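Undergrad: File final23.cif follows (mmCIF, C-alpha atoms):
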```cif
data_final
#
loop_
_atom_site.group_PDB
_atom_site.id
_atom_site.type_symbol
_atom_site.label_atom_id
_atom_site.label_comp_id
_atom_site.auth_asym_id
_atom_site.auth_seq_id
_atom_site.Cartn_x
_atom_site.Cartn_y
_atom_site.Cartn_z
ATOM 1 C CA MET A 248 42.748 222.758 226.939
ATOM 2 C CA PHE A 249 42.726 225.290 224.116
ATOM 3 C CA GLN A 250 39.523 226.940 225.347
ATOM 4 C CA THR A 251 40.753 227.008 228.952
ATOM 5 C CA LEU A 252 44.103 228.467 227.892
ATOM 6 C CA ARG A 253 42.461 231.141 225.759
ATOM 7 C CA GLU A 254 40.198 232.191 228.631
ATOM 8 C CA THR A 255 43.169 232.569 230.991
ATOM 9 C CA VAL A 256 45.334 234.465 228.497
ATOM 10 C CA GLU A 257 42.499 236.818 227.570
ATOM 11 C CA TYR A 258 41.971 237.644 231.251
ATOM 12 C CA ILE A 259 45.670 238.477 231.731
ATOM 13 C CA LYS A 260 45.796 240.574 228.575
ATOM 14 C CA ARG A 261 42.778 242.574 229.718
ATOM 15 C CA LYS A 262 44.816 243.594 232.753
ATOM 16 C CA ASN A 263 47.628 244.974 230.578
ATOM 17 C CA ASP A 264 47.381 244.253 226.871
ATOM 18 C CA SER A 265 50.534 246.225 226.016
ATOM 19 C CA PHE A 266 52.870 244.044 228.101
ATOM 20 C CA GLN A 267 54.406 241.142 226.165
ATOM 21 C CA PRO A 268 56.940 239.125 228.181
ATOM 22 C CA GLU A 269 60.077 237.773 226.533
ATOM 23 C CA ILE A 270 61.179 235.524 229.386
ATOM 24 C CA GLY A 271 59.288 233.264 231.783
ATOM 25 C CA ILE A 272 60.715 232.571 235.248
ATOM 26 C CA VAL A 273 59.679 229.909 237.769
ATOM 27 C CA LEU A 274 60.948 230.555 241.298
ATOM 28 C CA GLY A 275 61.334 227.598 243.644
ATOM 29 C CA THR A 276 61.105 227.110 247.407
ATOM 30 C CA GLY A 277 62.798 229.953 249.277
ATOM 31 C CA LEU A 278 63.980 231.521 246.028
ATOM 32 C CA GLY A 279 61.591 234.423 245.530
ATOM 33 C CA GLY A 280 64.254 237.100 246.012
ATOM 34 C CA LEU A 281 64.740 237.585 242.281
ATOM 35 C CA VAL A 282 61.419 239.408 242.294
ATOM 36 C CA ASN A 283 63.154 242.252 244.169
ATOM 37 C CA GLU A 284 65.312 242.804 241.070
ATOM 38 C CA ILE A 285 62.272 243.153 238.809
ATOM 39 C CA GLU A 286 60.797 246.564 238.032
ATOM 40 C CA VAL A 287 57.220 245.406 238.554
ATOM 41 C CA GLU A 288 54.533 246.743 236.210
ATOM 42 C CA PHE A 289 51.692 244.675 237.634
ATOM 43 C CA SER A 290 51.053 241.403 239.455
ATOM 44 C CA LEU A 291 48.175 238.960 239.749
ATOM 45 C CA MET A 292 47.349 236.525 242.532
ATOM 46 C CA TYR A 293 46.960 232.984 241.230
ATOM 47 C CA SER A 294 43.610 232.850 242.996
ATOM 48 C CA ASN A 295 42.299 235.696 240.805
ATOM 49 C CA ILE A 296 43.374 234.202 237.464
ATOM 50 C CA PRO A 297 40.748 231.990 235.762
ATOM 51 C CA ASN A 298 41.733 228.306 235.589
ATOM 52 C CA PHE A 299 45.056 228.956 237.365
ATOM 53 C CA PRO A 300 45.961 226.423 240.075
ATOM 54 C CA ILE A 301 46.567 227.887 243.539
ATOM 55 C CA SER A 302 49.767 227.103 245.455
ATOM 56 C CA THR A 303 48.836 225.354 248.709
ATOM 57 C CA LEU A 304 52.214 225.944 250.383
ATOM 58 C CA GLU A 305 52.423 228.653 253.030
ATOM 59 C CA PHE A 306 55.962 229.616 251.939
ATOM 60 C CA HIS A 307 54.979 230.122 248.280
ATOM 61 C CA SER A 308 53.493 233.545 247.516
ATOM 62 C CA GLY A 309 51.272 232.478 244.637
ATOM 63 C CA LYS A 310 51.732 235.568 242.471
ATOM 64 C CA LEU A 311 52.326 236.086 238.777
ATOM 65 C CA ILE A 312 54.722 239.053 238.466
ATOM 66 C CA PHE A 313 55.047 241.118 235.270
ATOM 67 C CA GLY A 314 57.882 243.597 234.865
ATOM 68 C CA THR A 315 61.364 244.380 233.550
ATOM 69 C CA LEU A 316 64.606 242.700 234.588
ATOM 70 C CA LYS A 317 67.914 243.894 233.127
ATOM 71 C CA GLY A 318 66.059 245.506 230.251
ATOM 72 C CA LYS A 319 64.043 242.364 229.427
ATOM 73 C CA LYS A 320 60.308 241.982 229.897
ATOM 74 C CA VAL A 321 59.624 239.032 232.166
ATOM 75 C CA VAL A 322 56.756 237.144 233.746
ATOM 76 C CA ALA A 323 57.713 235.370 236.973
ATOM 77 C CA MET A 324 55.899 232.730 238.979
ATOM 78 C CA GLN A 325 56.513 233.621 242.616
ATOM 79 C CA GLY A 326 55.602 230.197 243.924
ATOM 80 C CA ARG A 327 55.352 227.032 241.831
ATOM 81 C CA LEU A 328 53.026 224.045 241.889
ATOM 82 C CA HIS A 329 53.853 220.440 242.767
ATOM 83 C CA TYR A 330 52.342 217.034 242.042
ATOM 84 C CA TYR A 331 52.297 216.220 245.766
ATOM 85 C CA GLU A 332 49.848 219.079 246.333
ATOM 86 C CA GLY A 333 47.235 216.968 244.581
ATOM 87 C CA TYR A 334 47.289 218.605 241.158
ATOM 88 C CA SER A 335 47.520 216.735 237.873
ATOM 89 C CA MET A 336 50.616 217.117 235.730
ATOM 90 C CA GLN A 337 48.540 219.132 233.266
ATOM 91 C CA GLN A 338 47.541 221.574 236.017
ATOM 92 C CA ILE A 339 51.123 221.906 237.270
ATOM 93 C CA THR A 340 52.372 222.823 233.815
ATOM 94 C CA PHE A 341 49.406 224.954 232.749
ATOM 95 C CA PRO A 342 51.243 228.179 233.744
ATOM 96 C CA ILE A 343 54.049 227.318 231.312
ATOM 97 C CA ARG A 344 51.538 227.046 228.490
ATOM 98 C CA VAL A 345 50.065 230.390 229.562
ATOM 99 C CA MET A 346 53.530 231.977 229.473
ATOM 100 C CA LYS A 347 54.116 230.607 225.974
ATOM 101 C CA ALA A 348 50.766 231.979 224.812
ATOM 102 C CA LEU A 349 51.758 235.371 226.249
ATOM 103 C CA GLY A 350 54.890 235.317 224.089
ATOM 104 C CA ILE A 351 57.881 234.120 226.134
ATOM 105 C CA GLN A 352 60.962 233.054 224.160
ATOM 106 C CA TYR A 353 62.943 231.542 227.053
ATOM 107 C CA LEU A 354 62.084 229.755 230.299
ATOM 108 C CA PHE A 355 64.244 230.063 233.429
ATOM 109 C CA VAL A 356 63.551 227.642 236.283
ATOM 110 C CA SER A 357 64.956 227.482 239.813
ATOM 111 C CA ASN A 358 64.494 224.989 242.616
ATOM 112 C CA ALA A 359 65.763 223.872 245.998
ATOM 113 C CA ALA A 360 67.270 220.381 245.834
ATOM 114 C CA GLY A 361 69.200 217.856 247.871
ATOM 115 C CA SER A 362 72.742 217.004 246.830
ATOM 116 C CA LEU A 363 73.489 213.390 245.867
ATOM 117 C CA ASN A 364 77.064 214.093 244.776
ATOM 118 C CA SER A 365 79.528 214.267 247.674
ATOM 119 C CA ASP A 366 81.512 216.908 245.767
ATOM 120 C CA PHE A 367 78.453 219.206 245.786
ATOM 121 C CA LYS A 368 77.919 220.716 249.233
ATOM 122 C CA LYS A 369 74.975 222.321 250.989
ATOM 123 C CA GLY A 370 74.685 225.955 249.898
ATOM 124 C CA ASP A 371 76.310 225.362 246.493
ATOM 125 C CA LEU A 372 74.522 226.003 243.197
ATOM 126 C CA MET A 373 74.066 223.463 240.413
ATOM 127 C CA VAL A 374 73.129 224.244 236.834
ATOM 128 C CA ILE A 375 71.004 221.395 235.491
ATOM 129 C CA ASN A 376 72.384 219.865 232.288
ATOM 130 C CA ASP A 377 70.069 216.837 232.171
ATOM 131 C CA HIS A 378 67.430 215.107 234.249
ATOM 132 C CA ILE A 379 65.947 211.759 235.260
ATOM 133 C CA ASN A 380 62.171 211.760 235.577
ATOM 134 C CA LEU A 381 60.804 209.559 238.387
ATOM 135 C CA GLN A 382 57.493 211.374 238.576
ATOM 136 C CA PRO A 383 54.520 208.991 238.164
ATOM 137 C CA GLU A 384 53.323 210.329 234.819
ATOM 138 C CA SER A 385 54.128 212.726 231.994
ATOM 139 C CA PRO A 386 52.401 216.103 231.622
ATOM 140 C CA LEU A 387 51.966 215.139 227.954
ATOM 141 C CA ARG A 388 49.765 212.146 228.795
ATOM 142 C CA GLY A 389 46.425 212.295 227.003
ATOM 143 C CA SER A 390 45.416 213.663 223.625
ATOM 144 C CA ASN A 391 47.962 215.904 221.896
ATOM 145 C CA ASP A 392 47.229 219.261 220.272
ATOM 146 C CA PRO A 393 49.657 219.537 217.323
ATOM 147 C CA ASP A 394 49.373 223.323 217.486
ATOM 148 C CA MET A 395 51.119 223.188 220.884
ATOM 149 C CA GLY A 396 53.786 220.650 220.003
ATOM 150 C CA PRO A 397 54.517 217.199 218.553
ATOM 151 C CA ARG A 398 53.056 213.963 219.904
ATOM 152 C CA PHE A 399 56.565 212.614 220.602
ATOM 153 C CA PRO A 400 58.861 215.553 221.406
ATOM 154 C CA ASP A 401 62.613 215.002 221.347
ATOM 155 C CA MET A 402 64.343 215.323 224.743
ATOM 156 C CA SER A 403 67.974 214.806 223.765
ATOM 157 C CA GLN A 404 68.849 218.381 224.778
ATOM 158 C CA PRO A 405 66.228 219.519 227.312
ATOM 159 C CA TYR A 406 68.464 222.306 228.683
ATOM 160 C CA HIS A 407 70.018 224.976 226.452
ATOM 161 C CA LYS A 408 73.756 224.319 226.114
ATOM 162 C CA GLU A 409 74.740 227.912 225.379
ATOM 163 C CA LEU A 410 72.835 229.234 228.387
ATOM 164 C CA ILE A 411 74.539 226.612 230.579
ATOM 165 C CA LYS A 412 77.964 227.706 229.350
ATOM 166 C CA LYS A 413 77.213 231.389 229.885
ATOM 167 C CA ALA A 414 75.912 230.739 233.406
ATOM 168 C CA LEU A 415 79.019 228.774 234.390
ATOM 169 C CA ASP A 416 81.216 231.525 232.943
ATOM 170 C CA ILE A 417 79.330 234.143 234.975
ATOM 171 C CA ALA A 418 79.724 232.057 238.137
ATOM 172 C CA ALA A 419 83.467 231.660 237.547
ATOM 173 C CA GLU A 420 83.914 235.387 236.921
ATOM 174 C CA GLU A 421 82.013 236.234 240.114
ATOM 175 C CA GLY A 422 83.740 233.606 242.247
ATOM 176 C CA ILE A 423 80.508 231.691 242.868
ATOM 177 C CA THR A 424 80.683 227.940 243.492
ATOM 178 C CA CYS A 425 78.442 226.500 240.797
ATOM 179 C CA HIS A 426 78.449 222.941 239.492
ATOM 180 C CA GLN A 427 76.573 221.325 236.638
ATOM 181 C CA GLY A 428 74.828 218.002 236.873
ATOM 182 C CA VAL A 429 71.806 215.731 236.571
ATOM 183 C CA TYR A 430 68.612 216.507 238.480
ATOM 184 C CA VAL A 431 66.330 213.660 239.560
ATOM 185 C CA SER A 432 62.655 214.571 239.948
ATOM 186 C CA VAL A 433 60.626 212.552 242.475
ATOM 187 C CA THR A 434 57.078 212.843 243.770
ATOM 188 C CA GLY A 435 57.605 213.836 247.419
ATOM 189 C CA PRO A 436 56.598 215.387 249.724
ATOM 190 C CA ASN A 437 58.666 213.117 251.984
ATOM 191 C CA LEU A 438 62.423 213.298 251.763
ATOM 192 C CA GLU A 439 64.350 210.180 250.818
ATOM 193 C CA THR A 440 65.635 207.235 252.852
ATOM 194 C CA LYS A 441 69.317 206.265 252.928
ATOM 195 C CA ALA A 442 68.660 203.450 250.460
ATOM 196 C CA GLU A 443 66.770 205.793 248.131
ATOM 197 C CA TYR A 444 69.567 208.384 248.163
ATOM 198 C CA LYS A 445 72.033 205.613 247.321
ATOM 199 C CA TYR A 446 69.819 204.380 244.483
ATOM 200 C CA LEU A 447 69.370 207.884 243.023
ATOM 201 C CA ARG A 448 73.132 208.385 243.001
ATOM 202 C CA ILE A 449 73.738 204.985 241.381
ATOM 203 C CA ILE A 450 71.339 205.750 238.519
ATOM 204 C CA GLY A 451 73.202 208.973 237.724
ATOM 205 C CA GLY A 452 71.690 211.742 239.813
ATOM 206 C CA ASP A 453 73.665 214.665 241.236
ATOM 207 C CA ALA A 454 70.684 216.321 242.948
ATOM 208 C CA VAL A 455 67.123 215.371 243.818
ATOM 209 C CA GLY A 456 63.970 217.455 244.063
ATOM 210 C CA MET A 457 60.200 217.402 243.677
ATOM 211 C CA SER A 458 59.638 219.752 240.751
ATOM 212 C CA THR A 459 61.091 221.267 237.557
ATOM 213 C CA VAL A 460 60.993 218.287 235.192
ATOM 214 C CA PRO A 461 57.262 218.526 234.341
ATOM 215 C CA GLU A 462 57.682 222.208 233.428
ATOM 216 C CA VAL A 463 60.796 221.424 231.393
ATOM 217 C CA ILE A 464 59.037 218.660 229.454
ATOM 218 C CA VAL A 465 56.172 220.999 228.526
ATOM 219 C CA ALA A 466 58.593 223.789 227.589
ATOM 220 C CA ASN A 467 60.436 221.409 225.271
ATOM 221 C CA HIS A 468 57.097 220.263 223.853
ATOM 222 C CA MET A 469 56.469 223.889 222.866
ATOM 223 C CA SER A 470 60.072 224.504 221.676
ATOM 224 C CA ILE A 471 60.951 226.959 224.461
ATOM 225 C CA PRO A 472 64.701 227.036 225.298
ATOM 226 C CA VAL A 473 65.177 226.198 228.999
ATOM 227 C CA PHE A 474 67.723 227.115 231.650
ATOM 228 C CA ALA A 475 67.417 225.568 235.120
ATOM 229 C CA ILE A 476 69.409 225.962 238.315
ATOM 230 C CA SER A 477 69.236 224.318 241.750
ATOM 231 C CA VAL A 478 70.208 225.657 245.148
ATOM 232 C CA LEU A 479 71.508 222.640 247.069
ATOM 233 C CA THR A 480 69.835 222.955 250.460
ATOM 234 C CA ASP A 481 70.741 219.614 252.064
ATOM 235 C CA GLU A 482 73.008 216.619 251.585
ATOM 236 C CA GLY A 483 71.703 213.142 250.767
ATOM 237 C CA PHE A 484 74.909 211.220 251.438
ATOM 238 C CA PRO A 485 73.836 207.844 252.914
ATOM 239 C CA GLU A 486 76.931 207.357 255.103
ATOM 240 C CA GLU A 487 76.554 210.795 256.701
ATOM 241 C CA LEU A 488 72.789 211.312 256.487
ATOM 242 C CA GLN A 489 71.301 213.605 259.121
ATOM 243 C CA PRO A 490 67.653 214.579 259.706
ATOM 244 C CA VAL A 491 66.715 217.868 258.047
ATOM 245 C CA SER A 492 63.747 220.159 258.593
ATOM 246 C CA LEU A 493 61.855 222.381 256.179
ATOM 247 C CA GLU A 494 63.026 225.392 258.179
ATOM 248 C CA GLU A 495 66.679 224.418 257.591
ATOM 249 C CA ILE A 496 66.048 223.943 253.873
ATOM 250 C CA ILE A 497 64.387 227.345 253.523
ATOM 251 C CA GLU A 498 67.147 229.044 255.528
ATOM 252 C CA THR A 499 69.872 227.513 253.340
ATOM 253 C CA ALA A 500 67.955 228.599 250.235
ATOM 254 C CA ARG A 501 67.636 232.120 251.655
ATOM 255 C CA ILE A 502 71.382 232.401 252.230
ATOM 256 C CA ALA A 503 72.330 231.029 248.791
ATOM 257 C CA GLU A 504 69.572 232.826 246.867
ATOM 258 C CA PRO A 505 71.494 236.099 246.238
ATOM 259 C CA ARG A 506 74.198 234.156 244.374
ATOM 260 C CA MET A 507 71.586 232.451 242.235
ATOM 261 C CA THR A 508 69.905 235.796 241.563
ATOM 262 C CA GLN A 509 73.255 237.249 240.496
ATOM 263 C CA ILE A 510 73.767 234.491 237.914
ATOM 264 C CA LEU A 511 70.202 234.650 236.599
ATOM 265 C CA SER A 512 70.186 238.447 236.354
ATOM 266 C CA GLN A 513 73.460 238.581 234.441
ATOM 267 C CA LEU A 514 72.432 235.691 232.214
ATOM 268 C CA ILE A 515 69.150 237.403 231.346
ATOM 269 C CA SER A 516 70.986 240.649 230.584
ATOM 270 C CA GLN A 517 73.062 238.800 227.966
ATOM 271 C CA LEU A 518 70.075 237.501 225.982
#
```
In structure tokens, write the structure found in this file.

TA:
Amino acid sequence: MFQTLRETVEYIKRKNDSFQPEIGIVLGTGLGGLVNEIEVEFSLMYSNIPNFPISTLEFHSGKLIFGTLKGKKVVAMQGRLHYYEGYSMQQITFPIRVMKALGIQYLFVSNAAGSLNSDFKKGDLMVINDHINLQPESPLRGSNDPDMGPRFPDMSQPYHKELIKKALDIAAEEGITCHQGVYVSVTGPNLETKAEYKYLRIIGGDAVGMSTVPEVIVANHMSIPVFAISVLTDEGFPEELQPVSLEEIIETARIAEPRMTQILSQLISQL
């Protein structure tokens, strides 16, 4: 991996060697609007970056954006990668390792998720304070490079407590409905059955999605502080479960996205 990573980072640096990002951002399904707040210096299509996986989803742009947000230099993934697309966990999380090699000090992650908690409604936001990993394997499976992180990284605090507190304070000040809770990561791409939603709630989940946790594990492996937030785009309440389409999910994300952007932008400005 070291040789592959070096090749990718050297390519990016040749495009603009003077730009050193402080913050990495991963934008989830329907949540690319934050890019409009970035003063873009340059961008690269995933397909043009050596060794970089290509997003196969038509609603993910597949661009790496470099620029300034609230006075901070950022690199943003406009379109993430998922296990259900056929990639390995190492491929999915490769961009996080690239960001670290470029110099990021914080990682911000967003996603669209289904609510499991009946107090959390469609269109609300949820700051992730912990997770349950039901993905089929770890991105750390295989040989470990001690220069990247320890063989057995601690995961007792995968999400940065101070960033969580600041985000909730910002939401309260701005009158934005924002909860905190546990995110369950599953394989997808199918949504869950009634029995599965019930099970996920019983084991402690407040929201369910198909991403985020692999990136968070790798960030913790490399000692990058993480903040993650979900836009709740549908409700997985077994007694009231209704069919939901991708179009509905994306539309809900689109409507809620400005509130998420407001929290992220203000949070980044406080770093």

Undergrad: For Ser335 of chain A, which residue out of A:Leu387, A:Val491, A:Val433, A:Leu274 is the nearest one, using all atoms listed in the file?

TA: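 Once distances to Ser335 of chain A are computed over all atoms listed in the file, the minimum belongs to A:Leu387.
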
Undergrad: Check which residues of segment 296-385 of chain A sit at most 7 Å from segment 400-416 of chain A using all atoms listed in the file, and return one row each with the closest pair of atoms and their distance in Å to one decimal, ordered by chain and rising number, as a tab-separated table.

TA:
```
residue	atom	partner	partner_atom	distance
A:Val374	CA	A:Ile411	CA	6.8
A:Asn376	CA	A:Tyr406	CA	5.9
A:Asp377	CA	A:Tyr406	CA	6.7
```

Undergrad: What would the file look like if the residues just selected were written as a compact mmCIF listing (two decimals), in the coordinates of the input with C-alpha atoms?

TA:
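Output file result_9.txt follows:
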```
# COMPACT_ATOMS: atom_id res chain seq x y z
CA VAL A 374 73.13 224.24 236.83
CA ASN A 376 72.38 219.86 232.29
CA ASP A 377 70.07 216.84 232.17
```

Undergrad: Let me know the residues the PyMOL selection byres ((chain A and resi 497) around 10) catches in the file above, as a PyMOL selection string.

TA: chain A and resi 276-278+306+359+480+492-496+498-503

Undergrad: Export C-alpha atoms of the chosen residues as a PDB file, in the frame of the given file?

TA:
```pdb
ATOM      1  CA  THR A 276      61.105 227.110 247.407  1.00  0.00           C
ATOM      2  CA  GLY A 277      62.798 229.953 249.277  1.00  0.00           C
ATOM      3  CA  LEU A 278      63.980 231.521 246.028  1.00  0.00           C
ATOM      4  CA  PHE A 306      55.962 229.616 251.939  1.00  0.00           C
ATOM      5  CA  ALA A 359      65.763 223.872 245.998  1.00  0.00           C
ATOM      6  CA  THR A 480      69.835 222.955 250.460  1.00  0.00           C
ATOM      7  CA  SER A 492      63.747 220.159 258.593  1.00  0.00           C
ATOM      8  CA  LEU A 493      61.855 222.381 256.179  1.00  0.00           C
ATOM      9  CA  GLU A 494      63.026 225.392 258.179  1.00  0.00           C
ATOM     10  CA  GLU A 495      66.679 224.418 257.591  1.00  0.00           C
ATOM     11  CA  ILE A 496      66.048 223.943 253.873  1.00  0.00           C
ATOM     12  CA  GLU A 498      67.147 229.044 255.528  1.00  0.00           C
ATOM     13  CA  THR A 499      69.872 227.513 253.340  1.00  0.00           C
ATOM     14  CA  ALA A 500      67.955 228.599 250.235  1.00  0.00           C
ATOM     15  CA  ARG A 501      67.636 232.120 251.655  1.00  0.00           C
ATOM     16  CA  ILE A 502      71.382 232.401 252.230  1.00  0.00           C
ATOM     17  CA  ALA A 503      72.330 231.029 248.791  1.00  0.00           C
TER      18      ALA A 503
END
```

Undergrad: Write out, as a Markdown table, each residue of segment 378-496 of chain A that has an atom at most 7 Å from segment 337-343 of chain A, together with the closest pair of atoms and their distance in Å to one decimal, counting all atoms listed in the file, rows going by chain and rising number.

TA:
```
| residue | atom | partner | partner_atom | distance |
| --- | --- | --- | --- | --- |
| A:Pro386 | CA | A:Gln337 | CA | 5.2 |
| A:Pro461 | CA | A:Thr340 | CA | 6.5 |
| A:Glu462 | CA | A:Thr340 | CA | 5.4 |
| A:Val465 | CA | A:Thr340 | CA | 6.8 |
| A:Ala466 | CA | A:Ile343 | CA | 6.9 |
```

Undergrad: Near Ser432 of chain A, counting all atoms listed in the file, which residues have an atom at most 8 Å away, once you skip same-chain residues fewer than 2 positions from it, shown as a ChimeraX atom specification?

TA: /A:378-382,430,434,455-460

Undergrad: If we count all atoms listed in the file, what is near Leu372 of chain A at a cut-off of 9 Å, once residues fewer than 6 positions away on the same chain are taken out, given as a count of residues only?

TA: 12

Undergrad: What's the 7 Å shell around Phe355 of chain A, counting all atoms listed in the file, without same-chain residues fewer than 6 positions away, as a PyMOL selection string?

TA: chain A and resi 271-273+473-475

Undergrad: Of the candidates A:Pro268, A:Pro397, A:Gly333, A:Pro490, which one gets nearest to Ile312 of chain A if we count all atoms listed in the file?

TA: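 The shortest atom-to-atom distance to Ile312 of chain A comes from A:Pro268.
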
Undergrad: Would you please work out which residue, of A:Gln352, A:Asn437, A:Gln517, A:Asn298, is nearest to Tyr258 of chain A when using all atoms listed in the file?

TA: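 Among the listed residues, A:Asn298 lies closest to Tyr258 of chain A.
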
Undergrad: Which value, in Å to one decimal, gives the distance between atom CA of Met292 of chain A and atom CA of Val463 of chain A?

TA: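 Those two atoms sit 23.1 Å apart.
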
Undergrad: Nearest to Thr255 of chain A: which of A:Asn295, A:Ser290, A:Tyr444, A:Asn283 is it, counting all atoms listed in the file?

TA: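 Of the candidates, the smallest distance to Thr255 of chain A is held by A:Asn295.
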
Undergrad: Select segment 280-296 of chain A in the preceding structure and write N, CA and C atoms to a file as a PDB file, in the first residue's frame.

TA:
```pdb
ATOM      1  N   GLY A 280     -23.858  19.839  -1.233  1.00  0.00           N
ATOM      2  CA  GLY A 280     -24.028  21.286  -1.235  1.00  0.00           C
ATOM      3  C   GLY A 280     -22.950  22.055  -0.497  1.00  0.00           C
ATOM      4  N   LEU A 281     -22.271  21.404   0.431  1.00  0.00           N
ATOM      5  CA  LEU A 281     -21.206  22.086   1.170  1.00  0.00           C
ATOM      6  C   LEU A 281     -20.122  22.587   0.230  1.00  0.00           C
ATOM      7  N   VAL A 282     -19.968  21.919  -0.899  1.00  0.00           N
ATOM      8  CA  VAL A 282     -18.959  22.330  -1.871  1.00  0.00           C
ATOM      9  C   VAL A 282     -19.200  23.768  -2.332  1.00  0.00           C
ATOM     10  N   ASN A 283     -20.470  24.198  -2.354  1.00  0.00           N
ATOM     11  CA  ASN A 283     -20.789  25.560  -2.781  1.00  0.00           C
ATOM     12  C   ASN A 283     -20.259  26.611  -1.818  1.00  0.00           C
ATOM     13  N   GLU A 284     -19.943  26.178  -0.581  1.00  0.00           N
ATOM     14  CA  GLU A 284     -19.389  27.102   0.416  1.00  0.00           C
ATOM     15  C   GLU A 284     -17.866  27.173   0.344  1.00  0.00           C
ATOM     16  N   ILE A 285     -17.267  26.289  -0.434  1.00  0.00           N
ATOM     17  CA  ILE A 285     -15.809  26.226  -0.529  1.00  0.00           C
ATOM     18  C   ILE A 285     -15.304  27.141  -1.638  1.00  0.00           C
ATOM     19  N   GLU A 286     -14.300  27.936  -1.325  1.00  0.00           N
ATOM     20  CA  GLU A 286     -13.603  28.721  -2.352  1.00  0.00           C
ATOM     21  C   GLU A 286     -12.620  27.766  -3.024  1.00  0.00           C
ATOM     22  N   VAL A 287     -13.029  27.224  -4.165  1.00  0.00           N
ATOM     23  CA  VAL A 287     -12.288  26.139  -4.802  1.00  0.00           C
ATOM     24  C   VAL A 287     -11.010  26.656  -5.457  1.00  0.00           C
ATOM     25  N   GLU A 288      -9.894  26.003  -5.146  1.00  0.00           N
ATOM     26  CA  GLU A 288      -8.617  26.308  -5.802  1.00  0.00           C
ATOM     27  C   GLU A 288      -8.399  25.393  -6.999  1.00  0.00           C
ATOM     28  N   PHE A 289      -8.693  24.111  -6.812  1.00  0.00           N
ATOM     29  CA  PHE A 289      -8.637  23.176  -7.938  1.00  0.00           C
ATOM     30  C   PHE A 289      -9.395  21.915  -7.554  1.00  0.00           C
ATOM     31  N   SER A 290      -9.768  21.125  -8.551  1.00  0.00           N
ATOM     32  CA  SER A 290     -10.468  19.868  -8.301  1.00  0.00           C
ATOM     33  C   SER A 290      -9.953  18.806  -9.257  1.00  0.00           C
ATOM     34  N   LEU A 291     -10.102  17.561  -8.850  1.00  0.00           N
ATOM     35  CA  LEU A 291      -9.647  16.427  -9.650  1.00  0.00           C
ATOM     36  C   LEU A 291     -10.743  15.379  -9.710  1.00  0.00           C
ATOM     37  N   MET A 292     -11.034  14.875 -10.897  1.00  0.00           N
ATOM     38  CA  MET A 292     -11.958  13.757 -11.026  1.00  0.00           C
ATOM     39  C   MET A 292     -11.287  12.500 -10.481  1.00  0.00           C
ATOM     40  N   TYR A 293     -12.048  11.694  -9.755  1.00  0.00           N
ATOM     41  CA  TYR A 293     -11.491  10.441  -9.243  1.00  0.00           C
ATOM     42  C   TYR A 293     -10.862   9.627 -10.371  1.00  0.00           C
ATOM     43  N   SER A 294     -11.521   9.649 -11.525  1.00  0.00           N
ATOM     44  CA  SER A 294     -11.068   8.830 -12.647  1.00  0.00           C
ATOM     45  C   SER A 294      -9.701   9.243 -13.178  1.00  0.00           C
ATOM     46  N   ASN A 295      -9.248  10.455 -12.827  1.00  0.00           N
ATOM     47  CA  ASN A 295      -7.949  10.942 -13.302  1.00  0.00           C
ATOM     48  C   ASN A 295      -6.830  10.763 -12.276  1.00  0.00           C
ATOM     49  N   ILE A 296      -7.192  10.323 -11.068  1.00  0.00           N
ATOM     50  CA  ILE A 296      -6.209  10.183  -9.992  1.00  0.00           C
ATOM     51  C   ILE A 296      -5.706   8.740  -9.966  1.00  0.00           C
TER      52      ILE A 296
END
```
